[in-house]
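Novice: Here you go, one structure.
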2 protein chains.
Amino acid sequence: MTAVDVKSAPERGEARRRQLLAAADRVVRRRGPDASMDEIAAEAGVTKPILYRHFGDKDGLYAALTERYLRLLHRDSEATLGEPNPRRRIAAAVSAFLAAVEREPEVFRFVRRATTEQRQAGEAARAFVQGHAARIAEATRADLERIGVDPEAAEPWAHGIVGMMQFVAGWWLDERSVPRERLADQMTTLLWEGFGHLHEH
Amino acid sequence: MTAVDVKSAPERGEARRRQLLAAADRVVRRRGPDASMDEIAAEAGVTKPILYRHFGDKDGLYAALTERYLRLLHRDSEATLGEPNPRRRIAAAVSAFLAAVEREPEVFRFVRRATTEQRQAGEAARAFVQGHAARIAEATRADLERIGVDPEAAEPWAHGIVGMMQFVAGWWLDERSVPRERLADQMTTLLWEGFGHLHEH
DNA sequence: GCCGTATGTTACCGGCGGTAACCCATGGGT
DNA sequence: ACCCATGGGTTACCGCCGGTAACATACGGC
């Protein structure tokens, strides 16, 4: 029963890869991060060795999925980095990220799992976050230099912000003790005001 | 009958449990988070079913280990929470945590892994972090109330700080691009000054 | 025609988490 | 002195899953 196979195109390889990735995506979304290779293969209508030909091993597949998912989770947030007003920029990025996590909780959970237990996926995530953090850092580095603060801190800060938002998002998903926009405001306030600012009054 | 056993059996069991946990500790420290149950059993000088009698399943064992490790990683940091001066308190806690992570990198890595891939371990970690965050929150809640800022934000903030430090510590372990005390200073500055404070000058 | 290559399948391996069944020492109670 | 309940221990196994070897088949260029 070759129902899907009929379309033989010139660049079948890349197309097939995306097709397989889409199948993996579907399985992960409904079965969670514990999806087995057999399950994914079945969903794609093929058998395991094909997956292994395209992705090397499970880690490779998960790395590819992780990359796609990271882009999905951070796209809106990155789009806000053009905002010139720094405080609004932070607020918008924070809010957009939380919204994306709320929209795709299973995707967020998958990324957390995959990046800690699979080497390649973790590497891919590190690279992505590196880039993301770099863009955040770049957006604020100019300000730091203008003020006279050591711009070397920009990178650690960016990582700190990213990590903070990741963790808080996970915590928030588990126990939804506060509405999203409220949490976004609170995190923005922390990042913007800091603790010291409060103590000065 | 034999109601006395109900009291004494757990005592003997507790000693054995600690003994087994110590063996698991040794194995994890040298083999990493991928240690198998057979390996741990062998290190303890027994066979698998015994481990399962005491801990139920691998998740249970890892949850117990996680709890012990979390205490180890956060003990020094928690000890600093008594410091009255808020900025020094933050600085000391941050520095102490990074020092603990540097002292026991394998332990830190294990916790990250175990808490994301094992349900019970994750639950134990969540409970621990909840407590830790609560203590941090309590240490600052008074300040917030005194200043007139909504103290409801204390809990999300505490989680944000914890998550930020966890993530930054992991990033720092991977690429040691900056000495520990310098990183501690940078994170303290971020938490204390915030971004807005800088922009006011 | 023939052969290399790409694509797919079946059938298997090894390791690991988890468990059933059995085994044996110990020490009251009769 | 004996029995047998009980708790600590072992052997031998299961099932699942990641990963792979070997085999099968269609297509394009010489």
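Each chain in the structure tokens gets a letter, A, B, ..., in the order shown, and its residues are numbered from 1; ligands are numbered from 1 in order too.
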Excluding region 21-26 of chain B and its own-chain neighbours fewer than 6 positions away, which residues fall within 7 Å of it when counting only C-alpha atoms (C1' of nucleotides)? Please give them as a PyMOL selection string.

Specialist: chain B and resi 40+43-44+65

Novice: Once chain B is best-fit onto chain A by all Cα atoms in order, what RMSD in Å is left?

Specialist: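 Here the RMSD amounts to 4.5 Å.
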
Novice: Chain D residues within 12 Å of chain B, counting only C-alpha atoms (C1' of nucleotides): which ones, as a VMD selection string?

Specialist: chain D and resid 5 to 11

Novice: So that I can check the surroundings of region 77-94 of chain A, please list as a list in words every protein, DNA and RNA residue that reaches within 8 Å of it, counting only C-alpha atoms (C1' of nucleotides) and ignoring chain neighbours fewer than 2 positions away.

Specialist: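 Non-adjacent residues within range: Leu73, His74, Arg75, Ala96, Phe97, Leu98, His132, Arg135, Ile136, Ala139, Thr140, Met165, Ala184, Asp185, Met187, Thr188 and Trp192 of chain A; Gly196 of chain B.
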
Novice: Write out the residues from the selection above, keeping C-alpha atoms, as a tab-separated table (two decimals), in the first residue's frame.

Specialist:
```
chain	number	residue	atom	x	y	z
A	73	LEU	CA	9.09	29.00	21.61
A	74	HIS	CA	11.34	32.01	21.13
A	75	ARG	CA	10.13	33.47	17.84
A	96	ALA	CA	5.80	36.81	24.73
A	97	PHE	CA	7.87	33.95	26.07
A	98	LEU	CA	5.34	33.09	28.76
A	132	HIS	CA	19.44	34.08	21.78
A	135	ARG	CA	20.97	38.98	20.75
A	136	ILE	CA	19.61	39.98	24.13
A	139	ALA	CA	20.33	44.84	22.65
A	140	THR	CA	21.55	46.04	26.02
A	165	MET	CA	12.47	32.74	32.52
A	184	ALA	CA	5.10	38.74	33.44
A	185	ASP	CA	4.79	42.05	35.27
A	187	MET	CA	9.39	39.26	36.47
A	188	THR	CA	9.78	42.46	34.51
A	192	TRP	CA	14.10	46.26	35.82
B	196	GLY	CA	16.36	50.25	35.18
```

Novice: What does the distance from CA of Glu102 (chain B) to CA of Gln118 (chain B) come to in Å, to one decimal?

Specialist: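 Value for the CA of Glu102 (chain B)-CA of Gln118 (chain B) distance: 24.3 Å.
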
Novice: Restrict the calculation to only C-alpha atoms (C1' of nucleotides), then for each residue of chain C with any atom at most 10 Å from an atom of chain B give the closest atom pair and their distance in Å to one decimal, rows by chain and rising residue number, as CSV.

Specialist:
```
residue,atom,partner,partner_atom,distance
C:DG15,C1',B:Ser36,CA,9.7
C:DC16,C1',B:Ser36,CA,7.3
C:DG17,C1',B:Lys58,CA,7.7
C:DG18,C1',B:Asp57,CA,7.8
C:DT19,C1',B:Pro49,CA,8.2
```

Novice: Just C-alpha atoms (C1' of nucleotides) for this one: save the residues we selected as an mmCIF file, in the first residue's frame.

Specialist:
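Result went into again26.cif, see below:
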```cif
data_model
loop_
_atom_site.group_PDB
_atom_site.id
_atom_site.type_symbol
_atom_site.label_atom_id
_atom_site.label_comp_id
_atom_site.auth_asym_id
_atom_site.auth_seq_id
_atom_site.Cartn_x
_atom_site.Cartn_y
_atom_site.Cartn_z
ATOM 1 C "C1'" DG C 15 21.372 -3.560 28.077
ATOM 2 C "C1'" DC C 16 18.476 -2.024 31.512
ATOM 3 C "C1'" DG C 17 14.536 -1.504 34.690
ATOM 4 C "C1'" DG C 18 11.721 -4.427 37.162
ATOM 5 C "C1'" DT C 19 9.935 -8.843 39.331
#
```

Novice: Within 7 Å of chain A, which residues of chain B show up? Give each one with its shortest atom-to-atom distance in Å (one decimal) and the two atoms involved, counting only C-alpha atoms, rows by chain then rising residue number, as CSV.

Specialist:
```
residue,atom,partner,partner_atom,distance
B:Arg113,CA,A:Thr116,CA,5.7
B:Thr116,CA,A:Arg113,CA,5.7
B:Glu117,CA,A:Arg113,CA,6.3
B:Ile147,CA,A:Leu198,CA,6.9
B:Ala153,CA,A:Gln186,CA,6.1
B:Trp157,CA,A:Met187,CA,6.9
B:His159,CA,A:Val168,CA,6.2
B:Gly160,CA,A:Met164,CA,5.0
B:Ile161,CA,A:Met164,CA,6.6
B:Gly163,CA,A:Phe167,CA,4.8
B:Met164,CA,A:Met164,CA,4.0
B:Phe167,CA,A:Gly163,CA,4.9
B:Val168,CA,A:Gly160,CA,5.6
B:Gln186,CA,A:Ala153,CA,6.1
B:Met187,CA,A:Trp157,CA,6.9
B:Leu190,CA,A:Trp157,CA,6.9
B:Leu191,CA,A:Gly194,CA,5.2
B:Trp192,CA,A:Gly196,CA,4.6
B:Glu193,CA,A:Gly194,CA,5.1
B:Gly194,CA,A:Gly194,CA,4.0
B:Phe195,CA,A:Trp192,CA,4.7
B:Gly196,CA,A:Trp192,CA,4.6
B:His197,CA,A:Glu193,CA,6.4
B:Leu198,CA,A:Ile147,CA,6.9
```

Novice: Those selected residues, please, written with C-alpha atoms and delivered as a tab-separated table (two decimals), in the first residue's frame.

Specialist:
```
chain	number	residue	atom	x	y	z
B	113	ARG	CA	19.29	15.20	35.03
B	116	THR	CA	13.90	16.32	34.71
B	117	GLU	CA	13.69	12.69	33.73
B	147	ILE	CA	8.54	49.71	51.14
B	153	ALA	CA	5.69	39.00	44.16
B	157	TRP	CA	10.89	36.39	42.53
B	159	HIS	CA	11.77	31.13	42.12
B	160	GLY	CA	13.21	33.41	39.50
B	161	ILE	CA	16.40	33.85	41.46
B	163	GLY	CA	16.16	29.31	38.45
B	164	MET	CA	18.52	31.98	37.30
B	167	PHE	CA	20.86	27.90	34.81
B	168	VAL	CA	23.81	30.24	35.07
B	186	GLN	CA	27.81	40.14	38.05
B	187	MET	CA	24.75	38.17	39.08
B	190	LEU	CA	21.93	42.23	38.09
B	191	LEU	CA	19.67	41.20	40.95
B	192	TRP	CA	20.39	44.24	43.03
B	193	GLU	CA	20.67	47.06	40.52
B	194	GLY	CA	18.39	45.74	37.83
B	195	PHE	CA	18.43	47.21	34.36
B	196	GLY	CA	16.36	50.25	35.18
B	197	HIS	CA	18.68	51.51	37.83
B	198	LEU	CA	21.45	51.81	35.29
```

Novice: Per DSSP on the backbone, what are the alpha helix (DSSP H) residues of region 26-187 of chain B, as a ChimeraX atom specification?

Specialist: /B:26-31,37-44,48-55,58-79,86-103,105-117,119-147,154-174,180-187

Novice: Quick one, how far is CA of Leu51 (chain A) from C1' of DG15 (chain D)?

Specialist: 22.8 Å
